[in-house]
$ cat structure-v2.tsv   # TSV, N, CA and C atoms and all ligand atoms
chain	number	residue	atom	x	y	z
R	462	MET	N	-16.18	47.14	75.84
R	462	MET	CA	-15.63	47.84	77.00
R	462	MET	C	-16.50	47.60	78.23
R	463	ARG	N	-15.84	47.45	79.34
R	463	ARG	CA	-16.58	47.24	80.56
R	463	ARG	C	-16.80	48.60	81.24
R	464	ILE	N	-18.03	48.82	81.70
R	464	ILE	CA	-18.33	50.07	82.39
R	464	ILE	C	-17.75	50.01	83.80
R	465	LYS	N	-17.02	51.05	84.18
R	465	LYS	CA	-16.37	51.07	85.49
R	465	LYS	C	-17.39	51.08	86.62
R	466	LYS	N	-17.02	50.44	87.70
R	466	LYS	CA	-17.90	50.36	88.87
R	466	LYS	C	-18.20	51.75	89.42
R	467	THR	N	-17.20	52.64	89.37
R	467	THR	CA	-17.39	54.00	89.88
R	467	THR	C	-18.45	54.77	89.08
R	468	VAL	N	-18.52	54.46	87.78
R	468	VAL	CA	-19.53	55.11	86.93
R	468	VAL	C	-20.92	54.65	87.36
R	469	ILE	N	-21.06	53.36	87.59
R	469	ILE	CA	-22.35	52.80	88.02
R	469	ILE	C	-22.75	53.40	89.37
R	470	GLU	N	-21.77	53.49	90.27
R	470	GLU	CA	-22.05	54.04	91.61
R	470	GLU	C	-22.51	55.49	91.52
R	471	LYS	N	-21.82	56.25	90.71
R	471	LYS	CA	-22.19	57.67	90.54
R	471	LYS	C	-23.61	57.79	89.99
R	472	LEU	N	-23.93	56.96	89.01
R	472	LEU	CA	-25.25	57.05	88.40
R	472	LEU	C	-26.34	56.54	89.34
R	473	THR	N	-26.00	55.54	90.13
R	473	THR	CA	-26.96	55.03	91.11
R	473	THR	C	-27.31	56.13	92.12
R	474	ASN	N	-26.28	56.81	92.60
R	474	ASN	CA	-26.51	57.91	93.56
R	474	ASN	C	-27.27	59.06	92.92
R	475	LEU	N	-26.97	59.32	91.67
R	475	LEU	CA	-27.65	60.40	90.96
R	475	LEU	C	-29.13	60.06	90.76
R	476	ALA	N	-29.41	58.82	90.39
R	476	ALA	CA	-30.80	58.39	90.13
R	476	ALA	C	-31.68	58.58	91.36
R	477	LYS	N	-31.07	58.43	92.55
R	477	LYS	CA	-31.82	58.61	93.80
R	477	LYS	C	-32.37	60.02	93.94
R	478	LYS	N	-31.75	60.97	93.23
R	478	LYS	CA	-32.19	62.37	93.32
R	478	LYS	C	-33.33	62.69	92.35
R	479	SER	N	-33.66	61.76	91.50
R	479	SER	CA	-34.72	62.02	90.52
R	479	SER	C	-36.06	62.22	91.21
R	480	ASP	N	-36.82	63.21	90.72
R	480	ASP	CA	-38.14	63.46	91.31
R	480	ASP	C	-39.24	62.65	90.63
R	481	VAL	N	-38.86	61.80	89.72
R	481	VAL	CA	-39.84	60.99	89.00
R	481	VAL	C	-39.99	59.65	89.73
R	482	ARG	N	-41.20	59.11	89.70
R	482	ARG	CA	-41.46	57.86	90.43
R	482	ARG	C	-40.51	56.75	89.96
R	483	SER	N	-40.34	56.67	88.67
R	483	SER	CA	-39.43	55.68	88.13
R	483	SER	C	-38.06	56.34	87.94
R	484	GLN	N	-37.17	56.10	88.89
R	484	GLN	CA	-35.92	56.89	88.95
R	484	GLN	C	-34.86	56.38	87.98
R	485	HIS	N	-34.48	57.24	87.06
R	485	HIS	CA	-33.46	56.91	86.07
R	485	HIS	C	-32.31	57.92	86.14
R	486	ALA	N	-31.16	57.46	85.73
R	486	ALA	CA	-30.03	58.37	85.49
R	486	ALA	C	-29.33	57.89	84.22
R	487	ALA	N	-28.78	58.84	83.51
R	487	ALA	CA	-28.07	58.49	82.28
R	487	ALA	C	-26.79	59.30	82.20
R	488	ALA	N	-25.82	58.76	81.49
R	488	ALA	CA	-24.57	59.48	81.28
R	488	ALA	C	-24.06	59.24	79.88
R	489	ILE	N	-23.32	60.21	79.42
R	489	ILE	CA	-22.61	60.05	78.16
R	489	ILE	C	-21.13	59.99	78.51
R	490	LEU	N	-20.51	58.92	78.03
R	490	LEU	CA	-19.11	58.65	78.36
R	490	LEU	C	-18.24	58.80	77.11
R	491	ASN	N	-16.99	59.17	77.34
R	491	ASN	CA	-16.06	59.17	76.20
R	491	ASN	C	-15.55	57.75	75.99
R	492	ASN	N	-14.66	57.58	75.01
R	492	ASN	CA	-14.24	56.21	74.71
R	492	ASN	C	-13.27	55.62	75.74
R	493	LYS	N	-12.91	56.45	76.74
R	493	LYS	CA	-12.13	55.91	77.86
R	493	LYS	C	-13.05	55.46	78.99
R	494	GLY	N	-14.34	55.68	78.80
R	494	GLY	CA	-15.31	55.28	79.83
R	494	GLY	C	-15.48	56.33	80.91
R	495	GLU	N	-15.03	57.55	80.64
R	495	GLU	CA	-15.19	58.64	81.62
R	495	GLU	C	-16.48	59.41	81.36
R	496	ILE	N	-17.14	59.81	82.45
R	496	ILE	CA	-18.39	60.54	82.31
R	496	ILE	C	-18.13	61.95	81.79
R	497	ILE	N	-18.84	62.33	80.75
R	497	ILE	CA	-18.76	63.71	80.26
R	497	ILE	C	-19.94	64.51	80.81
R	498	VAL	N	-21.13	63.95	80.68
R	498	VAL	CA	-22.30	64.56	81.30
R	498	VAL	C	-23.17	63.46	81.88
R	499	SER	N	-23.93	63.83	82.91
R	499	SER	CA	-24.89	62.89	83.48
R	499	SER	C	-26.14	63.67	83.88
R	500	ALA	N	-27.25	62.97	83.95
R	500	ALA	CA	-28.51	63.63	84.30
R	500	ALA	C	-29.52	62.60	84.79
R	501	THR	N	-30.50	63.07	85.54
R	501	THR	CA	-31.61	62.20	85.92
R	501	THR	C	-32.79	62.53	85.01
R	502	ASN	N	-33.80	61.71	85.07
R	502	ASN	CA	-35.06	62.10	84.46
R	502	ASN	C	-35.71	63.12	85.39
R	503	TYR	N	-36.58	63.94	84.86
R	503	TYR	CA	-37.23	64.94	85.71
R	503	TYR	C	-38.57	65.37	85.13
R	504	HIS	N	-39.39	65.90	85.98
R	504	HIS	CA	-40.69	66.39	85.54
R	504	HIS	C	-40.54	67.74	84.87
R	505	LEU	N	-41.23	67.89	83.78
R	505	LEU	CA	-41.26	69.19	83.13
R	505	LEU	C	-42.59	69.30	82.41
R	506	HIS	N	-43.28	70.38	82.63
R	506	HIS	CA	-44.62	70.51	82.11
R	506	HIS	C	-44.84	71.93	81.64
R	507	LYS	N	-45.42	72.05	80.48
R	507	LYS	CA	-45.69	73.38	79.96
R	507	LYS	C	-47.17	73.68	80.10
R	508	PRO	N	-47.52	74.66	80.93
R	508	PRO	CA	-48.93	75.00	81.08
R	508	PRO	C	-49.47	75.55	79.75
R	509	TYR	N	-50.76	75.29	79.48
R	509	TYR	CA	-51.32	75.70	78.19
R	509	TYR	C	-51.20	77.20	77.94
R	510	ASN	N	-51.35	78.00	78.97
R	510	ASN	CA	-51.33	79.44	78.76
R	510	ASN	C	-50.03	80.11	79.21
R	511	GLY	N	-49.09	79.31	79.60
R	511	GLY	CA	-47.86	79.91	80.10
R	511	GLY	C	-46.69	79.61	79.19
R	512	LYS	N	-45.71	80.44	79.25
R	512	LYS	CA	-44.54	80.20	78.42
R	512	LYS	C	-43.44	79.50	79.21
R	513	ILE	N	-43.57	79.55	80.52
R	513	ILE	CA	-42.51	78.99	81.35
R	513	ILE	C	-42.81	77.54	81.69
R	514	TRP	N	-41.85	76.71	81.45
R	514	TRP	CA	-42.00	75.29	81.78
R	514	TRP	C	-41.85	75.12	83.28
R	515	LYS	N	-42.73	74.34	83.84
R	515	LYS	CA	-42.69	74.15	85.29
R	515	LYS	C	-42.37	72.70	85.65
R	516	PRO	N	-41.72	72.53	86.78
R	516	PRO	CA	-41.36	71.16	87.17
R	516	PRO	C	-42.53	70.40	87.79
R	517	GLU	N	-43.65	70.41	87.13
R	517	GLU	CA	-44.80	69.67	87.64
R	517	GLU	C	-45.63	69.20	86.45
R	518	GLY	N	-46.52	68.28	86.69
R	518	GLY	CA	-47.32	67.75	85.60
R	518	GLY	C	-46.89	66.35	85.23
R	519	LYS	N	-47.51	65.85	84.19
R	519	LYS	CA	-47.32	64.44	83.85
R	519	LYS	C	-46.10	64.19	82.98
R	520	TYR	N	-45.68	65.21	82.27
R	520	TYR	CA	-44.62	64.98	81.30
R	520	TYR	C	-43.26	64.91	81.98
R	521	THR	N	-42.46	63.96	81.57
R	521	THR	CA	-41.11	63.88	82.12
R	521	THR	C	-40.09	63.87	80.98
R	522	ILE	N	-38.97	64.49	81.28
R	522	ILE	CA	-37.82	64.40	80.38
R	522	ILE	C	-37.08	63.13	80.79
R	523	HIS	N	-36.92	62.23	79.87
R	523	HIS	CA	-36.25	60.96	80.21
R	523	HIS	C	-34.76	61.21	80.43
R	524	ALA	N	-34.15	60.35	81.23
R	524	ALA	CA	-32.75	60.57	81.62
R	524	ALA	C	-31.82	60.65	80.41
R	525	GLU	N	-32.06	59.77	79.44
R	525	GLU	CA	-31.17	59.79	78.27
R	525	GLU	C	-31.37	61.08	77.46
R	526	GLU	N	-32.61	61.57	77.42
R	526	GLU	CA	-32.88	62.86	76.77
R	526	GLU	C	-32.18	63.98	77.52
R	527	ALA	N	-32.32	63.95	78.84
R	527	ALA	CA	-31.75	65.00	79.69
R	527	ALA	C	-30.23	65.05	79.54
R	528	ALA	N	-29.61	63.88	79.51
R	528	ALA	CA	-28.14	63.82	79.36
R	528	ALA	C	-27.75	64.36	77.99
R	529	TYR	N	-28.52	63.99	76.98
R	529	TYR	CA	-28.17	64.44	75.63
R	529	TYR	C	-28.37	65.94	75.46
R	530	ILE	N	-29.42	66.47	76.09
R	530	ILE	CA	-29.65	67.93	76.04
R	530	ILE	C	-28.45	68.66	76.63
R	531	LYS	N	-28.00	68.21	77.80
R	531	LYS	CA	-26.81	68.81	78.43
R	531	LYS	C	-25.60	68.70	77.52
R	532	PHE	N	-25.47	67.52	76.95
R	532	PHE	CA	-24.32	67.24	76.11
R	532	PHE	C	-24.23	68.18	74.91
R	533	ILE	N	-25.35	68.35	74.19
R	533	ILE	CA	-25.27	69.23	73.01
R	533	ILE	C	-25.12	70.69	73.40
R	534	GLN	N	-25.64	71.05	74.59
R	534	GLN	CA	-25.47	72.43	75.04
R	534	GLN	C	-24.01	72.75	75.32
R	535	LYS	N	-23.34	71.81	75.96
R	535	LYS	CA	-21.96	72.07	76.39
R	535	LYS	C	-20.89	71.56	75.44
R	536	TYR	N	-21.17	70.45	74.78
R	536	TYR	CA	-20.09	69.75	74.07
R	536	TYR	C	-20.39	69.50	72.60
R	537	ASN	N	-21.17	70.39	72.02
R	537	ASN	CA	-21.50	70.23	70.60
R	537	ASN	C	-20.24	70.15	69.73
R	538	HIS	N	-19.20	70.86	70.17
R	538	HIS	CA	-17.95	70.86	69.40
R	538	HIS	C	-17.32	69.47	69.33
R	539	LEU	N	-17.57	68.66	70.37
R	539	LEU	CA	-17.01	67.30	70.36
R	539	LEU	C	-17.71	66.44	69.31
R	540	ILE	N	-19.02	66.68	69.16
R	540	ILE	CA	-19.78	65.92	68.16
R	540	ILE	C	-19.30	66.33	66.76
R	541	LYS	N	-19.15	67.64	66.60
R	541	LYS	CA	-18.69	68.14	65.30
R	541	LYS	C	-17.28	67.67	64.97
R	542	GLY	N	-16.51	67.36	66.01
R	542	GLY	CA	-15.16	66.86	65.81
R	542	GLY	C	-15.13	65.41	65.36
R	543	GLY	N	-16.31	64.82	65.21
R	543	GLY	CA	-16.38	63.45	64.69
R	543	GLY	C	-16.17	62.37	65.74
R	544	ASN	N	-16.26	62.74	67.01
R	544	ASN	CA	-16.10	61.74	68.07
R	544	ASN	C	-17.38	60.95	68.27
R	545	SER	N	-17.23	59.75	68.77
R	545	SER	CA	-18.44	59.02	69.15
R	545	SER	C	-18.37	58.65	70.63
R	546	PHE	N	-19.52	58.45	71.19
R	546	PHE	CA	-19.65	58.36	72.64
R	546	PHE	C	-20.49	57.15	73.05
R	547	ILE	N	-20.43	56.89	74.34
R	547	ILE	CA	-21.16	55.76	74.90
R	547	ILE	C	-22.30	56.31	75.74
R	548	LEU	N	-23.45	55.73	75.60
R	548	LEU	CA	-24.60	56.15	76.41
R	548	LEU	C	-24.91	55.05	77.41
R	549	ILE	N	-25.08	55.44	78.64
R	549	ILE	CA	-25.45	54.46	79.66
R	549	ILE	C	-26.68	54.98	80.41
R	550	VAL	N	-27.62	54.10	80.61
R	550	VAL	CA	-28.87	54.45	81.30
R	550	VAL	C	-29.10	53.44	82.41
R	551	ILE	N	-29.36	53.94	83.60
R	551	ILE	CA	-29.70	53.01	84.68
R	551	ILE	C	-31.01	53.43	85.34
R	552	ARG	N	-31.67	52.43	85.85
R	552	ARG	CA	-32.90	52.69	86.60
R	552	ARG	C	-32.74	51.99	87.93
R	553	ILE	N	-33.08	52.69	89.01
R	553	ILE	CA	-32.97	52.06	90.32
R	553	ILE	C	-34.35	51.85	90.91
R	554	GLN	N	-34.38	50.95	91.85
R	554	GLN	CA	-35.61	50.66	92.58
R	554	GLN	C	-35.74	51.74	93.63
R	555	ARG	N	-36.85	52.46	93.59
R	555	ARG	CA	-37.04	53.57	94.54
R	555	ARG	C	-36.94	53.06	95.98
R	556	GLY	N	-36.09	53.72	96.76
R	556	GLY	CA	-35.91	53.32	98.15
R	556	GLY	C	-35.04	52.08	98.34
R	557	GLY	N	-34.63	51.50	97.27
R	557	GLY	CA	-33.81	50.29	97.36
R	557	GLY	C	-32.44	50.51	96.78
R	558	THR	N	-31.71	49.45	96.59
R	558	THR	CA	-30.36	49.59	96.04
R	558	THR	C	-30.21	48.84	94.73
R	559	ASN	N	-31.26	48.12	94.34
R	559	ASN	CA	-31.15	47.31	93.13
R	559	ASN	C	-31.42	48.11	91.87
R	560	CYS	N	-30.83	47.64	90.81
R	560	CYS	CA	-31.12	48.21	89.50
R	560	CYS	C	-32.35	47.51	88.91
R	561	LEU	N	-33.06	48.23	88.08
R	561	LEU	CA	-34.18	47.65	87.34
R	561	LEU	C	-33.90	47.84	85.85
R	562	HIS	N	-34.78	47.27	85.04
R	562	HIS	CA	-34.66	47.44	83.60
R	562	HIS	C	-34.74	48.90	83.20
R	563	SER	N	-33.81	49.36	82.42
R	563	SER	CA	-33.84	50.76	82.00
R	563	SER	C	-33.83	50.86	80.48
R	564	LYS	N	-34.28	49.83	79.84
R	564	LYS	CA	-34.27	49.84	78.37
R	564	LYS	C	-35.03	51.08	77.87
R	565	PRO	N	-34.42	51.85	76.98
R	565	PRO	CA	-35.07	53.08	76.53
R	565	PRO	C	-36.46	52.84	75.93
R	566	CYS	N	-37.33	53.81	76.12
R	566	CYS	CA	-38.68	53.74	75.56
R	566	CYS	C	-38.61	53.88	74.04
R	567	LYS	N	-39.77	53.75	73.41
R	567	LYS	CA	-39.81	53.78	71.94
R	567	LYS	C	-39.27	55.12	71.40
R	568	LYS	N	-39.70	56.21	72.04
R	568	LYS	CA	-39.31	57.54	71.58
R	568	LYS	C	-37.79	57.72	71.69
R	569	CYS	N	-37.24	57.36	72.86
R	569	CYS	CA	-35.79	57.50	73.05
R	569	CYS	C	-35.01	56.55	72.14
R	570	THR	N	-35.55	55.34	71.95
R	570	THR	CA	-34.88	54.38	71.07
R	570	THR	C	-34.75	54.95	69.66
R	571	GLN	N	-35.81	55.61	69.20
R	571	GLN	CA	-35.75	56.21	67.86
R	571	GLN	C	-34.67	57.28	67.78
R	572	LYS	N	-34.63	58.12	68.86
R	572	LYS	CA	-33.61	59.18	68.89
R	572	LYS	C	-32.21	58.58	68.93
R	573	ILE	N	-32.06	57.57	69.80
R	573	ILE	CA	-30.74	56.94	69.96
R	573	ILE	C	-30.30	56.28	68.64
R	574	ASN	N	-31.24	55.63	67.97
R	574	ASN	CA	-30.89	54.99	66.69
R	574	ASN	C	-30.40	56.00	65.66
R	575	LYS	N	-30.99	57.19	65.68
R	575	LYS	CA	-30.51	58.25	64.78
R	575	LYS	C	-29.08	58.64	65.12
R	576	LEU	N	-28.82	58.74	66.43
R	576	LEU	CA	-27.47	59.13	66.88
R	576	LEU	C	-26.45	58.05	66.57
R	577	ILE	N	-26.88	56.79	66.60
R	577	ILE	CA	-25.99	55.68	66.24
R	577	ILE	C	-25.67	55.75	64.75
R	578	LYS	N	-26.70	56.02	63.98
R	578	LYS	CA	-26.54	56.13	62.52
R	578	LYS	C	-25.56	57.24	62.16
R	579	LYS	N	-25.66	58.36	62.92
R	579	LYS	CA	-24.76	59.49	62.68
R	579	LYS	C	-23.39	59.29	63.32
R	580	LYS	N	-23.22	58.14	63.99
R	580	LYS	CA	-21.97	57.80	64.69
R	580	LYS	C	-21.64	58.75	65.84
R	581	VAL	N	-22.66	59.37	66.41
R	581	VAL	CA	-22.45	60.19	67.61
R	581	VAL	C	-22.39	59.24	68.82
R	582	ILE	N	-23.26	58.26	68.81
R	582	ILE	CA	-23.26	57.24	69.87
R	582	ILE	C	-22.76	55.93	69.26
R	583	SER	N	-21.79	55.33	69.95
R	583	SER	CA	-21.26	54.07	69.42
R	583	SER	C	-21.86	52.87	70.14
R	584	LYS	N	-22.18	53.04	71.41
R	584	LYS	CA	-22.71	51.93	72.20
R	584	LYS	C	-23.72	52.43	73.20
R	585	VAL	N	-24.68	51.59	73.53
R	585	VAL	CA	-25.68	51.93	74.53
R	585	VAL	C	-25.72	50.81	75.57
R	586	TYR	N	-25.64	51.20	76.82
R	586	TYR	CA	-25.76	50.23	77.91
R	586	TYR	C	-26.98	50.60	78.74
R	587	TYR	N	-27.73	49.61	79.17
R	587	TYR	CA	-28.82	49.89	80.09
R	587	TYR	C	-28.85	48.82	81.17
R	588	SER	N	-29.40	49.20	82.30
R	588	SER	CA	-29.35	48.31	83.45
R	588	SER	C	-30.41	47.21	83.33
R	589	VAL	N	-30.13	46.10	84.00
R	589	VAL	CA	-31.07	44.99	84.10
R	589	VAL	C	-31.20	44.66	85.59
R	590	PRO	N	-32.27	44.04	86.00
R	590	PRO	CA	-32.44	43.73	87.43
R	590	PRO	C	-31.30	42.85	87.95
R	591	THR	N	-30.89	43.13	89.16
R	591	THR	CA	-29.80	42.33	89.73
R	591	THR	C	-30.34	41.35	90.77
A	1	ZN	ZN	-37.51	57.55	76.93

$ encode --input "structure-v2.tsv" --output "structure tokens"
Amino acid sequence: MRIKKTVIEKLTNLAKKSDVRSQHAAAILNNKGEIIVSATNYHLHKPYNGKIWKPEGKYTIHAEEAAYIKFIQKYNHLIKGGNSFILIVIRIQRGGTNCLHSKPCKKCTQKINKLIKKKVISKVYYSVPT
């Protein structure tokens, strides 16, 4: 399946809002290629003595993680219904318009592979430099 241009445009604009230096956006699409949820990567840090997570510090929630967190919060019933979905991740050049490599990191790849095995995710797309 070809990813629609409008999906790429939406994710490109969304990635620009990321507060992380390396700006990513991810979306989970249904099998018609429509966006169900989308998210950027973002900073999240848990202070050693605090219970509240703060949007500062070194730790970041990766875009694909963020999209999946939203997805299970809102659409867990779709997963239980046996549907499978498409994951798309893009990374943009900060201040520019070009895409960069957004291949998932080792940690996300492991998570994604589990979801593929469970048939929750059927395909993964990531951006490459243009
Ligand atoms: Zn990652």

$ atom_distance --input "structure-v2.tsv" --atom1 "atom C of R:Ile469" --atom2 "atom C of R:Arg552"
10.2 Å

$ select_by_dssp --input "structure-v2.tsv" --residues "stretch 465-537 of chain R" --states "strand (DSSP E)" --output "PyMOL selection string"
chain R and resi 485-490+496-501+503-504+521-522

$ closest_atom_pairs --input "structure-v2.tsv" --of "chain R" --to "ligand ZN 1 (chain A)" --cutoff "5 Å" --atoms "only N, CA and C atoms and all ligand atoms" --output "JSON lines"
{"residue": "R:His523", "atom": "CA", "partner": "A:ZN1", "partner_atom": "ZN", "distance": 4.9}
{"residue": "R:Pro565", "atom": "C", "partner": "A:ZN1", "partner_atom": "ZN", "distance": 4.9}
{"residue": "R:Cys566", "atom": "N", "partner": "A:ZN1", "partner_atom": "ZN", "distance": 3.8}
{"residue": "R:Cys569", "atom": "N", "partner": "A:ZN1", "partner_atom": "ZN", "distance": 4.1}

$ closest_residue --input "structure-v2.tsv" --among "R:Ile464, R:Gly543, R:Asn502, R:Arg555" --to "R:Asp480" --atoms "only N, CA and C atoms"
R:Asn502

$ closest_residue --input "structure-v2.tsv" --among "R:Thr570, R:Asn559, R:Asn474, R:Ser583" --to "R:Asn492" --atoms "only C-alpha atoms"
R:Ser583

$ select_by_dssp --input "structure-v2.tsv" --residues "chain R" --states "helix (DSSP H, G or I)" --output "PyMOL selection string"
chain R and resi 466-476+524-541+567-578

$ atom_distance --input "structure-v2.tsv" --atom1 "atom C of R:Ala527" --atom2 "atom C of R:Ser499"
6.1 Å

$ closest_residue --input "structure-v2.tsv" --among "R:Leu548, R:Ala476, R:Cys560, R:Ala528" --to "R:Val498" --atoms "all atoms listed in the file"
R:Ala528

$ residues_around --input "structure-v2.tsv" --residues "R:Thr558" --least-positions-apart "4" --cutoff "12 Å" --atoms "only C-alpha atoms" --output "list in words"
Ile469, Glu470, Leu472, Thr473, Asn474, Ala476, Lys477, Gln484, Ile551, Arg552, Ile553, Gln554, Pro590 and Thr591 of chain R

$ write_last_selection --input "structure-v2.tsv" --atoms "N, CA and C atoms" --output "CSV table (one decimal), keeping the file's coordinate frame"
chain,number,residue,atom,x,y,z
R,469,ILE,N,-21.1,53.4,87.6
R,469,ILE,CA,-22.4,52.8,88.0
R,469,ILE,C,-22.8,53.4,89.4
R,470,GLU,N,-21.8,53.5,90.3
R,470,GLU,CA,-22.0,54.0,91.6
R,470,GLU,C,-22.5,55.5,91.5
R,472,LEU,N,-23.9,57.0,89.0
R,472,LEU,CA,-25.2,57.0,88.4
R,472,LEU,C,-26.3,56.5,89.3
R,473,THR,N,-26.0,55.5,90.1
R,473,THR,CA,-27.0,55.0,91.1
R,473,THR,C,-27.3,56.1,92.1
R,474,ASN,N,-26.3,56.8,92.6
R,474,ASN,CA,-26.5,57.9,93.6
R,474,ASN,C,-27.3,59.1,92.9
R,476,ALA,N,-29.4,58.8,90.4
R,476,ALA,CA,-30.8,58.4,90.1
R,476,ALA,C,-31.7,58.6,91.4
R,477,LYS,N,-31.1,58.4,92.6
R,477,LYS,CA,-31.8,58.6,93.8
R,477,LYS,C,-32.4,60.0,93.9
R,484,GLN,N,-37.2,56.1,88.9
R,484,GLN,CA,-35.9,56.9,89.0
R,484,GLN,C,-34.9,56.4,88.0
R,551,ILE,N,-29.4,53.9,83.6
R,551,ILE,CA,-29.7,53.0,84.7
R,551,ILE,C,-31.0,53.4,85.3
R,552,ARG,N,-31.7,52.4,85.8
R,552,ARG,CA,-32.9,52.7,86.6
R,552,ARG,C,-32.7,52.0,87.9
R,553,ILE,N,-33.1,52.7,89.0
R,553,ILE,CA,-33.0,52.1,90.3
R,553,ILE,C,-34.4,51.8,90.9
R,554,GLN,N,-34.4,51.0,91.8
R,554,GLN,CA,-35.6,50.7,92.6
R,554,GLN,C,-35.7,51.7,93.6
R,590,PRO,N,-32.3,44.0,86.0
R,590,PRO,CA,-32.4,43.7,87.4
R,590,PRO,C,-31.3,42.8,88.0
R,591,THR,N,-30.9,43.1,89.2
R,591,THR,CA,-29.8,42.3,89.7
R,591,THR,C,-30.3,41.4,90.8

$ decode --input "structure-v2.tsv" --residues "stretch 483-494 of chain R" --atoms "N, CA and C atoms" --output "PDB file, in the first residue's frame"
ATOM      1  N   SER R 483      15.774  15.973  17.908  1.00  0.00           N
ATOM      2  CA  SER R 483      15.563  15.143  16.734  1.00  0.00           C
ATOM      3  C   SER R 483      14.052  14.926  16.571  1.00  0.00           C
ATOM      4  N   GLN R 484      13.452  15.708  15.681  1.00  0.00           N
ATOM      5  CA  GLN R 484      11.981  15.768  15.629  1.00  0.00           C
ATOM      6  C   GLN R 484      11.368  14.605  14.859  1.00  0.00           C
ATOM      7  N   HIS R 485      10.567  13.831  15.560  1.00  0.00           N
ATOM      8  CA  HIS R 485       9.894  12.682  14.967  1.00  0.00           C
ATOM      9  C   HIS R 485       8.377  12.804  15.143  1.00  0.00           C
ATOM     10  N   ALA R 486       7.668  12.188  14.235  1.00  0.00           N
ATOM     11  CA  ALA R 486       6.225  11.993  14.419  1.00  0.00           C
ATOM     12  C   ALA R 486       5.895  10.588  13.937  1.00  0.00           C
ATOM     13  N   ALA R 487       4.905  10.007  14.568  1.00  0.00           N
ATOM     14  CA  ALA R 487       4.492   8.658  14.169  1.00  0.00           C
ATOM     15  C   ALA R 487       2.978   8.592  14.147  1.00  0.00           C
ATOM     16  N   ALA R 488       2.469   7.679  13.347  1.00  0.00           N
ATOM     17  CA  ALA R 488       1.026   7.473  13.305  1.00  0.00           C
ATOM     18  C   ALA R 488       0.720   5.999  13.151  1.00  0.00           C
ATOM     19  N   ILE R 489      -0.439   5.651  13.636  1.00  0.00           N
ATOM     20  CA  ILE R 489      -0.958   4.309  13.410  1.00  0.00           C
ATOM     21  C   ILE R 489      -2.147   4.464  12.475  1.00  0.00           C
ATOM     22  N   LEU R 490      -2.083   3.718  11.381  1.00  0.00           N
ATOM     23  CA  LEU R 490      -3.092   3.826  10.326  1.00  0.00           C
ATOM     24  C   LEU R 490      -3.906   2.534  10.259  1.00  0.00           C
ATOM     25  N   ASN R 491      -5.149   2.680   9.831  1.00  0.00           N
ATOM     26  CA  ASN R 491      -5.934   1.468   9.588  1.00  0.00           C
ATOM     27  C   ASN R 491      -5.577   0.922   8.205  1.00  0.00           C
ATOM     28  N   ASN R 492      -6.228  -0.167   7.810  1.00  0.00           N
ATOM     29  CA  ASN R 492      -5.825  -0.777   6.536  1.00  0.00           C
ATOM     30  C   ASN R 492      -6.293  -0.004   5.302  1.00  0.00           C
ATOM     31  N   LYS R 493      -7.041   1.090   5.556  1.00  0.00           N
ATOM     32  CA  LYS R 493      -7.378   1.987   4.437  1.00  0.00           C
ATOM     33  C   LYS R 493      -6.355   3.113   4.319  1.00  0.00           C
ATOM     34  N   GLY R 494      -5.400   3.121   5.238  1.00  0.00           N
ATOM     35  CA  GLY R 494      -4.367   4.154   5.203  1.00  0.00           C
ATOM     36  C   GLY R 494      -4.791   5.433   5.906  1.00  0.00           C
TER      37      GLY R 494
END
